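What follows is a set of notes on a single structure, which appears directly below.
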Amino acid sequence: MWIPEGFAHGFCVLSDSASIIYKTTDYYAPDYERSLLWSDPDIAIQWPISDEPTLSGKDLQARKLKNIELFP
């Protein structure tokens, strides 16, 4: 699946395990990375889960869309 630069994306794994491999167009630059809150009520994605998800440290610090820092 191709995801354009700057496009928000997320994955919900419903199996016991999964592997996600990224191929990028440039080197990883964490200073330019932003995390969007998976449960932002303004976006209202209906995730197919009933329990709290397991999130990465980065995703635990994610912001709502209305509060996210934009790139200049």
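Chain identifiers are assigned as A, B, and so on, following the order in which chains appear in the structure tokens; residues are numbered from 1 within each chain, and ligands are numbered from 1 in order of appearance.
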
Exercise: segment 29-37 of chain A partners within 12 Å, only C-alpha atoms, chain neighbours under 2 positions left out, as a ChimeraX atom specification = /A:5-10,24-27,39-45,55-72

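Atom CA of Ser50 of chain A sits 14.1 Å away from atom CA of Trp38 of chain A.
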
Have a look at atom CA of Thr54 of chain A and atom CA of Ile21 of chain A and let me know their distance in Å, one decimal.
->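 Computed distance, atom CA of Thr54 of chain A to atom CA of Ile21 of chain A, equals 18.5 Å.
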
Enumerate, as a tab-separated table (two decimals) with N, CA and C atoms, in the first residue's frame, the complete set of residues in chain A that a backbone-based DSSP assignment places in alpha helix (DSSP H).
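Once written, part_31.tsv looks like this:
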```
chain	number	residue	atom	x	y	z
A	57	GLY	N	4.99	3.80	22.72
A	57	GLY	CA	5.26	4.99	23.52
A	57	GLY	C	4.93	6.26	22.77
A	58	LYS	N	5.26	6.28	21.49
A	58	LYS	CA	4.98	7.43	20.64
A	58	LYS	C	3.47	7.66	20.53
A	59	ASP	N	2.71	6.59	20.34
A	59	ASP	CA	1.27	6.73	20.20
A	59	ASP	C	0.58	7.09	21.51
A	60	LEU	N	1.20	6.75	22.64
A	60	LEU	CA	0.65	7.15	23.93
A	60	LEU	C	0.72	8.67	24.13
```

Any idea what's packed within 12 Å of Ile49 of chain A, counting only C-alpha atoms, ignoring anything in its chain fewer than 2 positions away? Could you give it as a PyMOL selection string?
-> chain A and resi 12-15+39+45-47+51-54
